[in-house]
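Structure file work-v9.pdb; described as PDB, C-alpha atoms.
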```pdb
ATOM      1  CA  MET T   1     -14.314   4.171 -22.613
ATOM      2  CA  ALA T   2     -12.631   2.576 -19.586
ATOM      3  CA  THR T   3     -11.223  -0.922 -19.878
ATOM      4  CA  SER T   4     -13.152  -3.551 -17.961
ATOM      5  CA  PHE T   5     -11.075  -5.921 -15.869
ATOM      6  CA  PRO T   6     -12.154  -9.464 -15.008
ATOM      7  CA  ARG T   7     -13.521 -10.031 -11.538
ATOM      8  CA  LEU T   8     -11.440 -12.082  -9.161
ATOM      9  CA  PRO T   9     -12.554 -15.703  -9.147
ATOM     10  CA  PRO T  10     -13.896 -17.036  -5.844
ATOM     11  CA  LEU T  11     -11.054 -17.206  -3.330
ATOM     12  CA  PRO T  12     -10.958 -18.795   0.107
ATOM     13  CA  PRO T  13     -11.783 -16.349   2.916
ATOM     14  CA  LEU T  14      -8.651 -14.550   4.114
ATOM     15  CA  ARG T  15      -8.825 -16.349   7.463
ATOM     16  CA  ASP T  16      -8.679 -19.708   5.621
ATOM     17  CA  PHE T  17      -5.884 -18.385   3.413
ATOM     18  CA  ILE T  18      -3.839 -17.537   6.510
ATOM     19  CA  HIS T  19      -4.509 -20.991   7.974
ATOM     20  CA  MET T  20      -3.729 -22.722   4.650
ATOM     21  CA  TYR T  21      -0.306 -21.046   4.454
ATOM     22  CA  ARG T  22       0.278 -21.361   8.238
ATOM     23  CA  LEU T  23       0.832 -17.651   8.655
ATOM     24  CA  ARG T  24       1.046 -16.064  12.066
ATOM     25  CA  ALA T  25       1.501 -12.411  12.827
ATOM     26  CA  LYS T  26       4.913 -11.874  14.412
ATOM     27  CA  LYS T  27       4.608  -9.778  17.551
ATOM     28  CA  ILE T  28       8.287  -8.883  17.333
ATOM     29  CA  LEU T  29       7.509  -7.195  13.982
ATOM     30  CA  SER T  30       4.274  -5.648  15.325
ATOM     31  CA  GLN T  31       2.298  -7.307  12.528
ATOM     32  CA  ASN T  32      -1.504  -7.128  12.441
ATOM     33  CA  TYR T  33      -3.622  -8.676   9.697
ATOM     34  CA  LEU T  34      -6.682  -6.863   8.386
ATOM     35  CA  MET T  35      -9.066  -9.748   7.671
ATOM     36  CA  ASP T  36     -12.417  -7.964   7.555
ATOM     37  CA  MET T  37     -13.111  -7.386   3.854
ATOM     38  CA  ASN T  38     -15.715  -4.738   4.719
ATOM     39  CA  LEU T  39     -12.957  -2.775   6.458
ATOM     40  CA  THR T  40     -10.397  -3.254   3.675
ATOM     41  CA  ARG T  41     -12.964  -2.163   1.075
ATOM     42  CA  LYS T  42     -13.619   0.990   3.133
ATOM     43  CA  ILE T  43      -9.878   1.726   3.233
ATOM     44  CA  VAL T  44      -9.627   1.380  -0.554
ATOM     45  CA  LYS T  45     -12.756   3.476  -1.098
ATOM     46  CA  SER T  46     -11.486   6.215   1.238
ATOM     47  CA  ALA T  47      -8.194   6.218  -0.697
ATOM     48  CA  GLY T  48     -10.162   7.270  -3.785
ATOM     49  CA  VAL T  49      -9.161   4.263  -5.890
ATOM     50  CA  HIS T  50     -11.089   3.975  -9.180
ATOM     51  CA  PRO T  51     -11.219   1.420 -12.000
ATOM     52  CA  GLY T  52      -8.136   1.675 -14.204
ATOM     53  CA  ASP T  53      -5.914   3.245 -11.502
ATOM     54  CA  TRP T  54      -2.413   2.074 -10.599
ATOM     55  CA  VAL T  55      -1.752   1.262  -6.945
ATOM     56  CA  CYS T  56       1.393   0.388  -5.009
ATOM     57  CA  GLU T  57       0.674  -1.304  -1.702
ATOM     58  CA  VAL T  58       3.498  -1.352   0.824
ATOM     59  CA  GLY T  59       3.603  -4.300   3.213
ATOM     60  CA  PRO T  60       0.582  -6.237   1.916
ATOM     61  CA  GLY T  61       1.097  -9.185   4.263
ATOM     62  CA  PRO T  62      -1.313 -11.978   3.317
ATOM     63  CA  GLY T  63      -3.211  -9.680   0.947
ATOM     64  CA  GLY T  64      -6.321  -8.395   2.737
ATOM     65  CA  ILE T  65      -6.139  -4.856   1.356
ATOM     66  CA  THR T  66      -4.701  -6.239  -1.894
ATOM     67  CA  ARG T  67      -7.920  -8.157  -2.550
ATOM     68  CA  ALA T  68      -9.981  -5.007  -2.038
ATOM     69  CA  ILE T  69      -7.692  -3.055  -4.398
ATOM     70  CA  LEU T  70      -8.083  -5.719  -7.089
ATOM     71  CA  GLU T  71     -11.859  -5.747  -6.569
ATOM     72  CA  ALA T  72     -11.798  -2.007  -7.346
ATOM     73  CA  GLU T  73     -10.723  -2.998 -10.895
ATOM     74  CA  CYS T  74      -7.314  -1.332 -10.855
ATOM     75  CA  GLU T  75      -5.302  -1.753 -14.022
ATOM     76  CA  ARG T  76      -2.043  -2.436 -12.181
ATOM     77  CA  VAL T  77      -1.266  -3.298  -8.570
ATOM     78  CA  ASP T  78       2.317  -3.516  -7.302
ATOM     79  CA  VAL T  79       2.951  -4.903  -3.832
ATOM     80  CA  VAL T  80       6.252  -4.517  -1.974
ATOM     81  CA  GLU T  81       6.701  -7.191   0.702
ATOM     82  CA  ILE T  82       9.901  -8.047   2.578
ATOM     83  CA  ASP T  83       8.589 -11.097   4.487
ATOM     84  CA  GLN T  84       9.136 -14.282   2.445
ATOM     85  CA  ARG T  85       6.263 -16.026   4.272
ATOM     86  CA  PHE T  86       3.739 -13.843   2.445
ATOM     87  CA  ILE T  87       5.060 -14.412  -1.080
ATOM     88  CA  PRO T  88       3.225 -17.758  -1.717
ATOM     89  CA  PRO T  89      -0.240 -16.425  -0.758
ATOM     90  CA  LEU T  90       0.427 -13.266  -2.786
ATOM     91  CA  GLU T  91       1.439 -15.435  -5.762
ATOM     92  CA  HIS T  92      -1.851 -17.327  -5.363
ATOM     93  CA  LEU T  93      -3.657 -13.988  -5.476
ATOM     94  CA  ALA T  94      -1.562 -12.827  -8.467
ATOM     95  CA  GLU T  95      -2.570 -15.932 -10.400
ATOM     96  CA  ALA T  96      -6.243 -15.160  -9.734
ATOM     97  CA  ALA T  97      -5.699 -11.511 -10.776
ATOM     98  CA  GLU T  98      -4.600 -12.525 -14.291
ATOM     99  CA  GLY T  99      -1.541 -10.309 -14.642
ATOM    100  CA  ARG T 100      -2.748  -7.220 -12.784
ATOM    101  CA  LEU T 101      -0.820  -7.986  -9.556
ATOM    102  CA  ASN T 102       2.976  -7.638  -9.522
ATOM    103  CA  ILE T 103       4.929  -8.821  -6.484
ATOM    104  CA  HIS T 104       8.203  -7.178  -5.452
ATOM    105  CA  HIS T 105       9.977  -9.164  -2.726
ATOM    106  CA  ALA T 106      11.948  -6.234  -1.335
ATOM    107  CA  ASP T 107      12.467  -3.834   1.553
ATOM    108  CA  VAL T 108      10.141  -0.873   0.970
ATOM    109  CA  LEU T 109      12.663   1.443   2.663
ATOM    110  CA  LYS T 110      15.055   0.658  -0.212
ATOM    111  CA  THR T 111      12.447   0.529  -2.982
ATOM    112  CA  ASN T 112      11.752   3.281  -5.502
ATOM    113  CA  ILE T 113       8.045   3.079  -6.355
ATOM    114  CA  GLY T 114       8.456   5.657  -9.112
ATOM    115  CA  GLU T 115      11.069   3.455 -10.769
ATOM    116  CA  ILE T 116       8.692   0.457 -10.654
ATOM    117  CA  TRP T 117       5.976   2.529 -12.321
ATOM    118  CA  SER T 118       8.367   4.037 -14.890
ATOM    119  CA  LYS T 119       9.600   0.589 -15.944
ATOM    120  CA  ALA T 120       5.966  -0.499 -16.306
ATOM    121  CA  GLY T 121       5.321   2.376 -18.730
ATOM    122  CA  ALA T 122       3.606   4.900 -16.451
ATOM    123  CA  GLU T 123       2.479   8.184 -17.954
ATOM    124  CA  LYS T 124       4.909  11.062 -17.985
ATOM    125  CA  ARG T 125       5.468  13.337 -15.030
ATOM    126  CA  ARG T 126       2.863  15.926 -14.140
ATOM    127  CA  GLU T 127       3.230  19.365 -12.721
ATOM    128  CA  TRP T 128       2.547  19.500  -8.988
ATOM    129  CA  ASN T 129      -0.574  21.641  -9.404
ATOM    130  CA  ASP T 130      -2.093  19.475 -12.157
ATOM    131  CA  ASP T 131      -4.996  17.127 -11.437
ATOM    132  CA  LEU T 132      -4.201  14.102  -9.286
ATOM    133  CA  PRO T 133      -2.674  11.227 -11.248
ATOM    134  CA  SER T 134      -4.538   7.899 -11.375
ATOM    135  CA  MET T 135      -1.980   6.404  -8.986
ATOM    136  CA  HIS T 136      -2.014   5.645  -5.276
ATOM    137  CA  VAL T 137       0.286   4.450  -2.510
ATOM    138  CA  ILE T 138      -1.523   2.444   0.175
ATOM    139  CA  GLY T 139      -0.303   0.487   3.195
ATOM    140  CA  ASN T 140      -1.166  -1.007   6.566
ATOM    141  CA  LEU T 141       2.081  -0.429   8.416
ATOM    142  CA  PRO T 142       3.417  -2.460  11.329
ATOM    143  CA  PHE T 143       4.592  -0.383  14.290
ATOM    144  CA  ASN T 144       8.304  -1.158  13.833
ATOM    145  CA  ILE T 145       8.485   0.290  10.311
ATOM    146  CA  ALA T 146       5.837   3.027  10.504
ATOM    147  CA  SER T 147       8.082   5.909  11.627
ATOM    148  CA  PRO T 148      11.033   5.346   9.265
ATOM    149  CA  LEU T 149       8.726   4.686   6.309
ATOM    150  CA  ILE T 150       6.564   7.754   6.924
ATOM    151  CA  ILE T 151       9.717   9.884   7.182
ATOM    152  CA  LYS T 152      11.025   8.403   3.900
ATOM    153  CA  LEU T 153       7.705   8.930   2.100
ATOM    154  CA  LEU T 154       7.292  12.512   3.373
ATOM    155  CA  ARG T 155      10.865  13.307   2.344
ATOM    156  CA  ASP T 156      10.292  11.821  -1.122
ATOM    157  CA  MET T 157       7.048  13.778  -1.404
ATOM    158  CA  SER T 158       8.742  17.060  -0.433
ATOM    159  CA  TYR T 159      11.430  16.546  -3.108
ATOM    160  CA  ARG T 160       8.813  15.330  -5.626
ATOM    161  CA  ARG T 161      10.774  12.184  -6.308
ATOM    162  CA  ASP T 162      10.031   8.452  -6.261
ATOM    163  CA  ALA T 163       6.224   8.006  -6.583
ATOM    164  CA  TRP T 164       5.730  11.787  -6.442
ATOM    165  CA  GLN T 165       7.626  12.410  -9.675
ATOM    166  CA  PHE T 166       4.214  11.663 -11.233
ATOM    167  CA  GLY T 167       2.517  14.499  -9.340
ATOM    168  CA  ARG T 168       0.442  14.608  -6.164
ATOM    169  CA  VAL T 169       0.022  10.836  -5.783
ATOM    170  CA  PRO T 170      -2.391  10.214  -2.871
ATOM    171  CA  LEU T 171      -0.893   8.390   0.117
ATOM    172  CA  THR T 172      -3.218   6.334   2.352
ATOM    173  CA  LEU T 173      -1.689   4.601   5.376
ATOM    174  CA  THR T 174      -3.071   2.837   8.423
ATOM    175  CA  PHE T 175      -1.047   2.259  11.563
ATOM    176  CA  GLN T 176      -1.337   1.869  15.319
ATOM    177  CA  MET T 177      -2.790   4.626  17.497
ATOM    178  CA  GLU T 178       0.623   5.359  19.069
ATOM    179  CA  VAL T 179       2.032   6.324  15.668
ATOM    180  CA  ALA T 180      -1.034   8.445  14.851
ATOM    181  CA  LYS T 181      -0.594  10.316  18.153
ATOM    182  CA  ARG T 182       3.037  11.008  17.284
ATOM    183  CA  ILE T 183       2.089  12.340  13.857
ATOM    184  CA  CYS T 184      -0.601  14.642  15.282
ATOM    185  CA  GLY T 185       1.187  15.514  18.533
ATOM    186  CA  PRO T 186       0.654  19.191  19.446
ATOM    187  CA  ILE T 187       3.570  21.304  20.675
ATOM    188  CA  ASP T 188       2.799  20.888  24.383
ATOM    189  CA  ASP T 189       2.122  17.119  24.204
ATOM    190  CA  ASP T 190       4.424  14.286  25.335
ATOM    191  CA  ALA T 191       3.589  12.454  22.084
ATOM    192  CA  ARG T 192       5.229  15.252  20.040
ATOM    193  CA  SER T 193       8.123  13.857  18.020
ATOM    194  CA  ARG T 194      10.107  14.164  14.806
ATOM    195  CA  LEU T 195       7.048  12.755  13.004
ATOM    196  CA  SER T 196       4.866  15.588  14.362
ATOM    197  CA  ILE T 197       7.280  18.186  13.021
ATOM    198  CA  MET T 198       7.654  16.551   9.591
ATOM    199  CA  ALA T 199       3.921  15.990   9.124
TER     200      ALA T 199
END
```
Have the structure of the file written as structure tokens, please.
Amino acid sequence: MATSFPRLPPLPPLRDFIHMYRLRAKKILSQNYLMDMNLTRKIVKSAGVHPGDWVCEVGPGPGGITRAILEAECERVDVVEIDQRFIPPLEHLAEAAEGRLNIHHADVLKTNIGEIWSKAGAEKRREWNDDLPSMHVIGNLPFNIASPLIIKLLRDMSYRRDAWQFGRVPLTLTFQMEVAKRICGPIDDDARSRLSIMA
């Protein structure tokens, strides 16, 4: 029988949260906040997150997707955020989540998600062809980090290291249209890039 996790207590709307902590998206960092909870819930649902799963969210910002992940009754949520401005609102959210949300103030390009999960007591490694593990990597990536992070994650996946030491951990990312075009760029397209070849 699956463990039941407490619901999040009522929280201020994300827009109020952002105002309360005086957060502004930095254009120089290509930051965009996802504030529509209907949208963030759809992202989490499309990622296949189920109650009791473990999720690592990269670049949570003020916590829009994080809230939706916690609402999905995950057992453990790790967030990796480099921007100090977002730590206080994430701590507020962690307090409401009663121990299920763990904040890592770090650069995701230098972070080993698999190591975080191993230290937390994650199940042993699976064979690549086994069923999907109950783990997910999710993120809404700003433009300036999207390419290097996707390259890092695809490389880690190909070597079955980091998060993928636990098997075929699903990866769900959102990013700007320009990055998507580069990932899907056909051979004869100007958008074709290193990302197109790696993906």
Let me know the residues the PyMOL selection byres ((chain T and resi 163) around 6) catches in the file above, as a PyMOL selection string. chain T and resi 113-114+162+164-165
Would you save the residues of that selection, restricted to C-alpha atoms, as a CSV table (one decimal), in the frame of the given file?
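Heads up, here's the output in result_30.csv:
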```csv
chain,number,residue,atom,x,y,z
T,113,ILE,CA,8.0,3.1,-6.4
T,114,GLY,CA,8.5,5.7,-9.1
T,162,ASP,CA,10.0,8.5,-6.3
T,164,TRP,CA,5.7,11.8,-6.4
T,165,GLN,CA,7.6,12.4,-9.7
```
To verify the selection step, state as a ChimeraX atom specification which residues the PyMOL selection byres ((chain T and resi 81-90) around 8) yields on this input. /T:17,21,23,58-63,79-80,91-94,103-108
Can you report as lines of an AutoDock Vina configuration file the centre and edge lengths in Å, to one decimal, of an axis-aligned box around the listed atoms of region 144-162 of chain T padded with 3 Å on each side?
```
center_x = 8.6
center_y = 8.0
center_z = 3.8
size_x = 11.6
size_y = 24.2
size_z = 26.1
```
Could you list the residues chosen by the PyMOL selection byres ((chain T and resi 174) around 6) in this structure as a count of residues only? 3
Find the distance between CA of Glu75 (chain T) and CA of Lys110 (chain T) and write it in Å to one decimal. 24.7 Å
Would you give me, as a tab-separated table, each residue of region 108-167 of chain T having an atom within 10 Å of an atom of region 65-74 of chain T, along with its shortest atom pair and that distance in Å to one decimal, using only C-alpha atoms and sorting by chain and residue number?
```
residue	atom	partner	partner_atom	distance
T:Ser134	CA	T:Cys74	CA	9.7
T:Met135	CA	T:Cys74	CA	9.6
T:Ile138	CA	T:Ile65	CA	8.7
T:Gly139	CA	T:Ile65	CA	8.1
T:Asn140	CA	T:Ile65	CA	8.2
```
Option closest in space to Glu123 (chain T), from T:Gly64, T:Gly167, T:Gly99, T:Pro13 [counting all atoms listed in the file]: T:Gly167
Point out the residue among T:Ser158, T:Ile150, T:Asn38, T:His50 with the least atom-to-atom distance to Arg182 (chain T), counting all atoms listed in the file. T:Ile150
Å distance separating CA of Ala122 (chain T) from CA of Arg168 (chain T), one decimal place: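 CA of Arg168 (chain T) lies at a distance of 14.5 Å from CA of Ala122 (chain T).
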Tell me, in Å to one decimal, how far CA of Ser193 (chain T) is from CA of Lys181 (chain T).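 Pair CA of Ser193 (chain T) / CA of Lys181 (chain T) returns 9.4 Å.
Closest approach to Asp156 (chain T) among T:Ile116, T:Pro12, T:Leu109, T:Gln176 is made by T:Leu109 (distances from all atoms listed in the file).
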For Leu8 (chain T), the nearest of the candidates T:Arg76, T:Lys42, T:Arg100, T:Arg22, counting only C-alpha atoms: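 Checking each candidate against Leu8 (chain T), we get T:Arg100 as the closest.
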What's around Phe166 (chain T) at 7 Å? Count all atoms listed in the file, leave out sequence neighbours fewer than 5 positions away in its own chain, and write the answer as number ranges by chain. T: 124-126, 133
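Across T:Gly185, T:Pro170, T:Gly121, T:Gly52, the tightest approach to Met157 (chain T) is made by T:Pro170 when counting only C-alpha atoms.
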Option closest in space to Ile197 (chain T), from T:Val49, T:Leu101, T:Val137, T:Cys184 [counting only C-alpha atoms]: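 Once distances to Ile197 (chain T) are computed over only C-alpha atoms, the minimum belongs to T:Cys184.
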Restricted to C-alpha atoms, what does region 51-135 of chain T look like when written out as a CSV table (one decimal), in the first residue's frame?
```
chain,number,residue,atom,x,y,z
T,51,PRO,CA,2.6,9.5,-5.8
T,52,GLY,CA,5.7,8.1,-4.0
T,53,ASP,CA,8.2,9.0,-6.8
T,54,TRP,CA,11.4,10.9,-6.4
T,55,VAL,CA,12.0,14.0,-8.5
T,56,CYS,CA,15.0,16.3,-9.1
T,57,GLU,CA,14.0,19.6,-10.5
T,58,VAL,CA,16.8,21.7,-12.1
T,59,GLY,CA,16.4,25.5,-11.9
T,60,PRO,CA,13.2,25.7,-9.9
T,61,GLY,CA,13.2,29.5,-9.7
T,62,PRO,CA,10.5,30.6,-7.4
T,63,GLY,CA,8.9,27.2,-7.3
T,64,GLY,CA,6.0,27.1,-9.8
T,65,ILE,CA,6.7,23.6,-11.1
T,66,THR,CA,8.0,22.6,-7.6
T,67,ARG,CA,4.5,23.2,-6.2
T,68,ALA,CA,2.9,21.0,-8.8
T,69,ILE,CA,5.5,18.2,-8.1
T,70,LEU,CA,4.7,18.3,-4.4
T,71,GLU,CA,1.0,18.3,-5.1
T,72,ALA,CA,1.6,15.0,-7.0
T,73,GLU,CA,2.5,13.5,-3.6
T,74,CYS,CA,6.1,12.7,-4.4
T,75,GLU,CA,8.0,11.1,-1.6
T,76,ARG,CA,11.2,13.2,-2.2
T,77,VAL,CA,11.8,16.3,-4.3
T,78,ASP,CA,15.3,17.7,-4.7
T,79,VAL,CA,15.7,21.1,-6.3
T,80,VAL,CA,19.0,22.4,-7.6
T,81,GLU,CA,19.1,26.2,-7.8
T,82,ILE,CA,22.1,28.5,-8.3
T,83,ASP,CA,20.4,31.9,-7.9
T,84,GLN,CA,20.5,32.9,-4.2
T,85,ARG,CA,17.4,35.1,-4.7
T,86,PHE,CA,15.2,32.0,-5.0
T,87,ILE,CA,16.4,30.2,-1.9
T,88,PRO,CA,14.1,32.0,0.6
T,89,PRO,CA,10.9,31.3,-1.3
T,90,LEU,CA,12.0,27.7,-1.8
T,91,GLU,CA,12.7,27.4,1.9
T,92,HIS,CA,9.2,28.7,2.6
T,93,LEU,CA,7.9,26.0,0.3
T,94,ALA,CA,10.1,23.4,1.9
T,95,GLU,CA,8.7,24.2,5.3
T,96,ALA,CA,5.1,23.7,4.0
T,97,ALA,CA,6.2,20.4,2.4
T,98,GLU,CA,7.2,18.9,5.8
T,99,GLY,CA,10.5,17.4,4.9
T,100,ARG,CA,9.8,16.2,1.3
T,101,LEU,CA,11.6,19.2,-0.4
T,102,ASN,CA,15.4,19.3,-0.3
T,103,ILE,CA,17.1,22.4,-1.6
T,104,HIS,CA,20.6,22.3,-3.1
T,105,HIS,CA,22.1,25.8,-3.6
T,106,ALA,CA,24.4,24.8,-6.4
T,107,ASP,CA,25.3,25.0,-10.1
T,108,VAL,CA,23.4,22.2,-11.9
T,109,LEU,CA,26.2,21.9,-14.4
T,110,LYS,CA,28.5,20.8,-11.5
T,111,THR,CA,25.9,18.7,-9.6
T,112,ASN,CA,25.6,14.9,-9.6
T,113,ILE,CA,21.9,14.1,-9.2
T,114,GLY,CA,22.7,10.4,-8.8
T,115,GLU,CA,25.0,11.2,-5.9
T,116,ILE,CA,22.2,13.2,-4.2
T,117,TRP,CA,19.8,10.3,-4.6
T,118,SER,CA,22.4,7.7,-3.5
T,119,LYS,CA,23.1,9.7,-0.3
T,120,ALA,CA,19.4,9.9,0.3
T,121,GLY,CA,19.2,6.1,0.2
T,122,ALA,CA,17.8,5.5,-3.3
T,123,GLU,CA,17.2,2.0,-4.5
T,124,LYS,CA,20.0,0.1,-6.2
T,125,ARG,CA,20.9,0.5,-9.8
T,126,ARG,CA,18.7,-1.1,-12.4
T,127,GLU,CA,19.6,-2.6,-15.7
T,128,TRP,CA,18.9,-0.3,-18.7
T,129,ASN,CA,16.1,-2.5,-20.1
T,130,ASP,CA,14.3,-2.9,-16.7
T,131,ASP,CA,11.1,-1.0,-16.0
T,132,LEU,CA,11.4,2.7,-15.5
T,133,PRO,CA,12.5,3.7,-12.0
T,134,SER,CA,10.2,5.8,-9.9
T,135,MET,CA,12.5,8.8,-10.4
```
